[in-house]
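Shown below: query.csv, with CSV, N, CA and C atoms.
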```csv
chain,number,residue,atom,x,y,z
A,1,MET,N,317.0,146.9,232.4
A,1,MET,CA,317.7,147.8,233.2
A,1,MET,C,317.4,147.5,234.7
A,2,LEU,N,318.4,147.4,235.5
A,2,LEU,CA,318.2,147.1,236.9
A,2,LEU,C,317.7,148.3,237.7
A,3,ASN,N,316.8,148.1,238.6
A,3,ASN,CA,316.3,149.1,239.5
A,3,ASN,C,317.3,149.3,240.6
A,4,ARG,N,317.9,150.4,240.7
A,4,ARG,CA,318.9,150.6,241.8
A,4,ARG,C,318.4,151.7,242.8
A,5,GLU,N,317.3,151.4,243.4
A,5,GLU,CA,316.7,152.3,244.4
A,5,GLU,C,317.6,152.4,245.6
A,6,ARG,N,317.7,153.5,246.2
A,6,ARG,CA,318.5,153.7,247.4
A,6,ARG,C,317.7,153.0,248.6
A,7,ILE,N,318.4,152.2,249.3
A,7,ILE,CA,317.8,151.5,250.4
A,7,ILE,C,317.9,152.4,251.7
A,8,THR,N,316.8,152.7,252.2
A,8,THR,CA,316.8,153.6,253.4
A,8,THR,C,316.5,152.9,254.7
A,9,GLU,N,315.9,151.6,254.6
A,9,GLU,CA,315.6,150.9,255.8
A,9,GLU,C,316.9,150.4,256.5
A,10,THR,N,317.1,150.7,257.8
A,10,THR,CA,318.2,150.2,258.5
A,10,THR,C,317.9,148.8,259.1
A,11,PHE,N,318.9,148.1,259.5
A,11,PHE,CA,318.7,146.8,260.1
A,11,PHE,C,317.9,146.9,261.4
A,12,GLU,N,318.1,147.9,262.1
A,12,GLU,CA,317.3,148.2,263.3
A,12,GLU,C,315.8,148.3,263.0
A,13,ASP,N,315.5,149.0,262.0
A,13,ASP,CA,314.1,149.1,261.5
A,13,ASP,C,313.6,147.7,261.1
A,14,PHE,N,314.4,147.0,260.4
A,14,PHE,CA,314.0,145.6,260.0
A,14,PHE,C,313.7,144.8,261.2
A,15,LEU,N,314.5,144.8,262.3
A,15,LEU,CA,314.3,144.0,263.5
A,15,LEU,C,313.0,144.4,264.2
A,16,GLU,N,312.7,145.7,264.2
A,16,GLU,CA,311.4,146.1,264.8
A,16,GLU,C,310.2,145.4,264.1
A,17,GLU,N,310.3,145.2,262.8
A,17,GLU,CA,309.2,144.6,262.0
A,17,GLU,C,309.2,143.1,262.1
A,18,HIS,N,310.4,142.5,262.4
A,18,HIS,CA,310.5,141.1,262.4
A,18,HIS,C,311.1,140.6,263.7
A,19,SER,N,310.3,140.6,264.7
A,19,SER,CA,310.7,140.3,266.1
A,19,SER,C,311.0,138.8,266.2
A,20,GLU,N,310.7,138.0,265.2
A,20,GLU,CA,310.9,136.5,265.3
A,20,GLU,C,312.4,136.2,265.2
A,21,ILE,N,313.2,137.1,264.8
A,21,ILE,CA,314.7,136.8,264.7
A,21,ILE,C,315.3,137.6,265.8
A,22,SER,N,316.5,137.1,266.3
A,22,SER,CA,317.2,137.9,267.3
A,22,SER,C,318.7,137.9,266.9
A,23,ILE,N,319.4,138.8,267.5
A,23,ILE,CA,320.8,139.0,267.2
A,23,ILE,C,321.7,138.6,268.4
A,24,ILE,N,322.9,138.1,268.1
A,24,ILE,CA,323.8,137.8,269.1
A,24,ILE,C,325.0,138.7,268.8
A,25,LYS,N,325.5,139.5,269.8
A,25,LYS,CA,326.6,140.4,269.7
A,25,LYS,C,327.8,139.9,270.4
A,26,ASP,N,329.0,140.3,269.9
A,26,ASP,CA,330.2,139.9,270.6
A,26,ASP,C,330.5,140.9,271.7
A,27,TRP,N,331.7,140.8,272.3
A,27,TRP,CA,332.0,141.7,273.5
A,27,TRP,C,332.2,143.1,273.1
A,28,ARG,N,332.4,143.4,271.8
A,28,ARG,CA,332.5,144.8,271.3
A,28,ARG,C,331.2,145.4,270.9
A,29,GLY,N,330.1,144.6,271.0
A,29,GLY,CA,328.8,145.1,270.7
A,29,GLY,C,328.5,145.0,269.2
A,30,ARG,N,329.3,144.2,268.5
A,30,ARG,CA,329.1,144.1,267.0
A,30,ARG,C,328.3,142.8,266.8
A,31,ILE,N,327.4,142.8,265.8
A,31,ILE,CA,326.6,141.6,265.5
A,31,ILE,C,327.6,140.4,265.1
A,32,SER,N,327.4,139.3,265.7
A,32,SER,CA,328.2,138.1,265.3
A,32,SER,C,327.4,137.0,264.8
A,33,LYS,N,326.1,137.0,265.1
A,33,LYS,CA,325.3,135.8,264.7
A,33,LYS,C,323.8,136.3,264.7
A,34,ILE,N,323.0,135.7,263.8
A,34,ILE,CA,321.6,135.9,263.7
A,34,ILE,C,320.9,134.6,264.2
A,35,LYS,N,320.0,134.7,265.1
A,35,LYS,CA,319.2,133.5,265.5
A,35,LYS,C,317.9,133.5,264.8
A,36,PHE,N,317.6,132.6,263.9
A,36,PHE,CA,316.4,132.4,263.2
A,36,PHE,C,315.4,131.6,264.0
A,37,PRO,N,314.1,131.7,263.8
A,37,PRO,CA,313.1,130.8,264.5
A,37,PRO,C,313.4,129.4,264.1
A,38,SER,N,313.0,128.5,264.9
A,38,SER,CA,313.3,127.0,264.6
A,38,SER,C,312.5,126.5,263.4
A,39,ASP,N,311.4,127.2,263.1
A,39,ASP,CA,310.6,126.8,262.0
A,39,ASP,C,310.8,127.6,260.7
A,40,ALA,N,311.9,128.4,260.7
A,40,ALA,CA,312.3,129.2,259.5
A,40,ALA,C,313.0,128.2,258.5
A,41,GLU,N,312.8,128.5,257.3
A,41,GLU,CA,313.4,127.6,256.2
A,41,GLU,C,314.3,128.5,255.3
A,42,GLN,N,315.3,127.8,254.7
A,42,GLN,CA,316.2,128.4,253.7
A,42,GLN,C,316.8,129.7,254.3
A,43,THR,N,317.4,129.6,255.5
A,43,THR,CA,318.0,130.7,256.1
A,43,THR,C,319.4,131.1,255.5
A,44,SER,N,319.6,132.4,255.4
A,44,SER,CA,320.9,132.8,254.9
A,44,SER,C,321.2,134.2,255.5
A,45,CYS,N,322.4,134.4,255.9
A,45,CYS,CA,322.8,135.7,256.5
A,45,CYS,C,324.2,136.0,256.2
A,46,THR,N,324.5,137.2,255.8
A,46,THR,CA,325.9,137.7,255.6
A,46,THR,C,326.2,138.8,256.5
A,47,ILE,N,327.2,138.6,257.4
A,47,ILE,CA,327.6,139.7,258.3
A,47,ILE,C,329.1,140.0,258.0
A,48,ILE,N,329.3,141.3,257.8
A,48,ILE,CA,330.6,141.8,257.5
A,48,ILE,C,331.0,142.9,258.5
A,49,ALA,N,332.1,142.8,259.2
A,49,ALA,CA,332.5,143.8,260.2
A,49,ALA,C,331.4,144.1,261.2
A,50,GLY,N,330.7,143.1,261.6
A,50,GLY,CA,329.7,143.4,262.7
A,50,GLY,C,328.4,144.0,262.2
A,51,GLU,N,328.2,144.1,260.8
A,51,GLU,CA,327.0,144.6,260.2
A,51,GLU,C,326.3,143.6,259.3
A,52,VAL,N,325.0,143.5,259.4
A,52,VAL,CA,324.3,142.6,258.5
A,52,VAL,C,324.1,143.3,257.2
A,53,VAL,N,324.7,142.6,256.2
A,53,VAL,CA,324.6,143.2,254.8
A,53,VAL,C,323.6,142.5,254.0
A,54,GLN,N,323.2,141.2,254.3
A,54,GLN,CA,322.2,140.5,253.6
A,54,GLN,C,321.6,139.5,254.5
A,55,LEU,N,320.3,139.3,254.4
A,55,LEU,CA,319.6,138.3,255.2
A,55,LEU,C,318.4,137.8,254.4
A,56,TYR,N,318.1,136.5,254.5
A,56,TYR,CA,317.0,135.9,253.7
A,56,TYR,C,316.5,134.7,254.5
A,57,TYR,N,315.2,134.5,254.6
A,57,TYR,CA,314.6,133.3,255.1
A,57,TYR,C,313.2,133.2,254.7
A,58,LYS,N,312.6,132.0,254.8
A,58,LYS,CA,311.2,131.8,254.6
A,58,LYS,C,310.6,131.5,256.0
A,59,TYR,N,309.5,132.1,256.3
A,59,TYR,CA,308.9,132.0,257.6
A,59,TYR,C,307.3,132.0,257.4
A,60,HIS,N,306.7,130.9,257.7
A,60,HIS,CA,305.2,130.7,257.6
A,60,HIS,C,304.8,131.0,256.2
A,61,GLY,N,305.5,130.6,255.2
A,61,GLY,CA,305.2,130.8,253.8
A,61,GLY,C,305.6,132.1,253.2
A,62,ASP,N,306.1,133.0,254.0
A,62,ASP,CA,306.5,134.3,253.5
A,62,ASP,C,308.0,134.3,253.3
A,63,THR,N,308.5,134.9,252.2
A,63,THR,CA,309.9,135.1,251.9
A,63,THR,C,310.3,136.5,252.5
A,64,ILE,N,311.2,136.5,253.4
A,64,ILE,CA,311.7,137.7,254.1
A,64,ILE,C,313.1,138.0,253.8
A,65,MET,N,313.4,139.3,253.3
A,65,MET,CA,314.7,139.6,252.9
A,65,MET,C,315.1,141.0,253.5
A,66,PHE,N,316.4,141.1,253.7
A,66,PHE,CA,317.0,142.4,254.0
A,66,PHE,C,318.3,142.5,253.3
A,67,PRO,N,318.6,143.5,252.6
A,67,PRO,CA,317.8,144.7,252.3
A,67,PRO,C,316.7,144.4,251.3
```

Could you quickly redo this structure as structure tokens?
Amino acid sequence: MLNRERITETFEDFLEEHSEISIIKDWRGRISKIKFPSDAEQTSCTIIAGEVVQLYYKYHGDTIMFP
């Protein structure tokens, strides 16, 4: 059975914990790109309608994911 816990962490909360990544916004203020650190590995990000819905990367041996 899958664990379907409700995700309460927002992307803004995630950014506060992971200052090594930065966001690039378009002229409307919506997220258009994620800038990963140069030494991050296996980076992946899905942005839909200016919102980050999935993010994954390896950084200094740690696997970091949102949500």

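Taking atom CA of Ser32 of chain A and atom CA of His18 of chain A as the two end points, the separation is 18.2 Å.
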
>> Here is a test: counting only C-alpha atoms, which residue of A:Gly61, A:Asp26, A:Ile31, A:Ala49 is nearest to Glu12 of chain A?
In response: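 Comparing A:Gly61, A:Asp26, A:Ile31, A:Ala49 against Glu12 of chain A, the winner is A:Ile31.
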
> In Å, with one decimal, what is the gap from atom N of His60 of chain A to atom C of Lys25 of chain A?
Replying inline: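 Value for the atom N of His60 of chain A-atom C of Lys25 of chain A distance: 26.2 Å.
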
Compile the contact shell of Phe11 of chain A as an mmCIF file with N, CA and C atoms, in the frame of the given file: residues with an atom at most 8 Å away, counting only C-alpha atoms, same-chain residues fewer than 4 positions apart removed.
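Okay, this is what ended up in selection.cif:
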```
data_model
loop_
_atom_site.group_PDB
_atom_site.id
_atom_site.type_symbol
_atom_site.label_atom_id
_atom_site.label_comp_id
_atom_site.auth_asym_id
_atom_site.auth_seq_id
_atom_site.Cartn_x
_atom_site.Cartn_y
_atom_site.Cartn_z
ATOM 1 N N LEU A 15 314.500 144.800 262.300
ATOM 2 C CA LEU A 15 314.300 144.000 263.500
ATOM 3 C C LEU A 15 313.000 144.400 264.200
ATOM 4 N N VAL A 52 325.000 143.500 259.400
ATOM 5 C CA VAL A 52 324.300 142.600 258.500
ATOM 6 C C VAL A 52 324.100 143.300 257.200
ATOM 7 N N PHE A 66 316.400 141.100 253.700
ATOM 8 C CA PHE A 66 317.000 142.400 254.000
ATOM 9 C C PHE A 66 318.300 142.500 253.300
#
```

>> If you run DSSP on the backbone here, which positions in chain A get alpha helix (DSSP H)? Please write them as an MDAnalysis selection string.
In response: chainID A and resid 11:17

> What's the 10 Å shell around Tyr59 of chain A, counting only C-alpha atoms, without same-chain residues fewer than 3 positions away, as a list in words?
Replying inline: Glu20, Phe36, Pro37, Ser38, Asp39, Ala40, Glu41, Gln42, Thr43, Tyr56, Asp62, Thr63 and Ile64 of chain A

Export of prior selection with N, CA and C atoms as a short mmCIF file (atom, residue, chain, number, x, y, z; two decimals), keeping the file's coordinate frame:
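Saved to again08.cif:
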```cif
data_model
loop_
_atom_site.label_atom_id
_atom_site.label_comp_id
_atom_site.auth_asym_id
_atom_site.auth_seq_id
_atom_site.Cartn_x
_atom_site.Cartn_y
_atom_site.Cartn_z
N GLU A 20 310.70 138.00 265.20
CA GLU A 20 310.90 136.50 265.30
C GLU A 20 312.40 136.20 265.20
N PHE A 36 317.60 132.60 263.90
CA PHE A 36 316.40 132.40 263.20
C PHE A 36 315.40 131.60 264.00
N PRO A 37 314.10 131.70 263.80
CA PRO A 37 313.10 130.80 264.50
C PRO A 37 313.40 129.40 264.10
N SER A 38 313.00 128.50 264.90
CA SER A 38 313.30 127.00 264.60
C SER A 38 312.50 126.50 263.40
N ASP A 39 311.40 127.20 263.10
CA ASP A 39 310.60 126.80 262.00
C ASP A 39 310.80 127.60 260.70
N ALA A 40 311.90 128.40 260.70
CA ALA A 40 312.30 129.20 259.50
C ALA A 40 313.00 128.20 258.50
N GLU A 41 312.80 128.50 257.30
CA GLU A 41 313.40 127.60 256.20
C GLU A 41 314.30 128.50 255.30
N GLN A 42 315.30 127.80 254.70
CA GLN A 42 316.20 128.40 253.70
C GLN A 42 316.80 129.70 254.30
N THR A 43 317.40 129.60 255.50
CA THR A 43 318.00 130.70 256.10
C THR A 43 319.40 131.10 255.50
N TYR A 56 318.10 136.50 254.50
CA TYR A 56 317.00 135.90 253.70
C TYR A 56 316.50 134.70 254.50
N ASP A 62 306.10 133.00 254.00
CA ASP A 62 306.50 134.30 253.50
C ASP A 62 308.00 134.30 253.30
N THR A 63 308.50 134.90 252.20
CA THR A 63 309.90 135.10 251.90
C THR A 63 310.30 136.50 252.50
N ILE A 64 311.20 136.50 253.40
CA ILE A 64 311.70 137.70 254.10
C ILE A 64 313.10 138.00 253.80
#
```

> as a ChimeraX atom specification, which residues of chain A does DSSP assign to strand (DSSP E or B)?
Replying inline: /A:22-25,31-35,41-48,51-59,62-66

> If you count only N, CA and C atoms, which residues fall within 6 Å of Leu55 of chain A, apart from same-chain ones fewer than 2 positions away, as an NGL selection string?
Replying inline: :A and (44-46 or 53 or 57 or 64-67)

> What's the 5 Å shell around Ser22 of chain A, counting all atoms listed in the file, without same-chain residues fewer than 2 positions away, as a PyMOL selection string?
Replying inline: chain A and resi 20+24+34-35

> Distance atom CA of Ile23 of chain A-atom CA of Ile47 of chain A, one decimal place?
Replying inline: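 Between atom CA of Ile23 of chain A and atom CA of Ile47 of chain A the gap works out to 11.2 Å.
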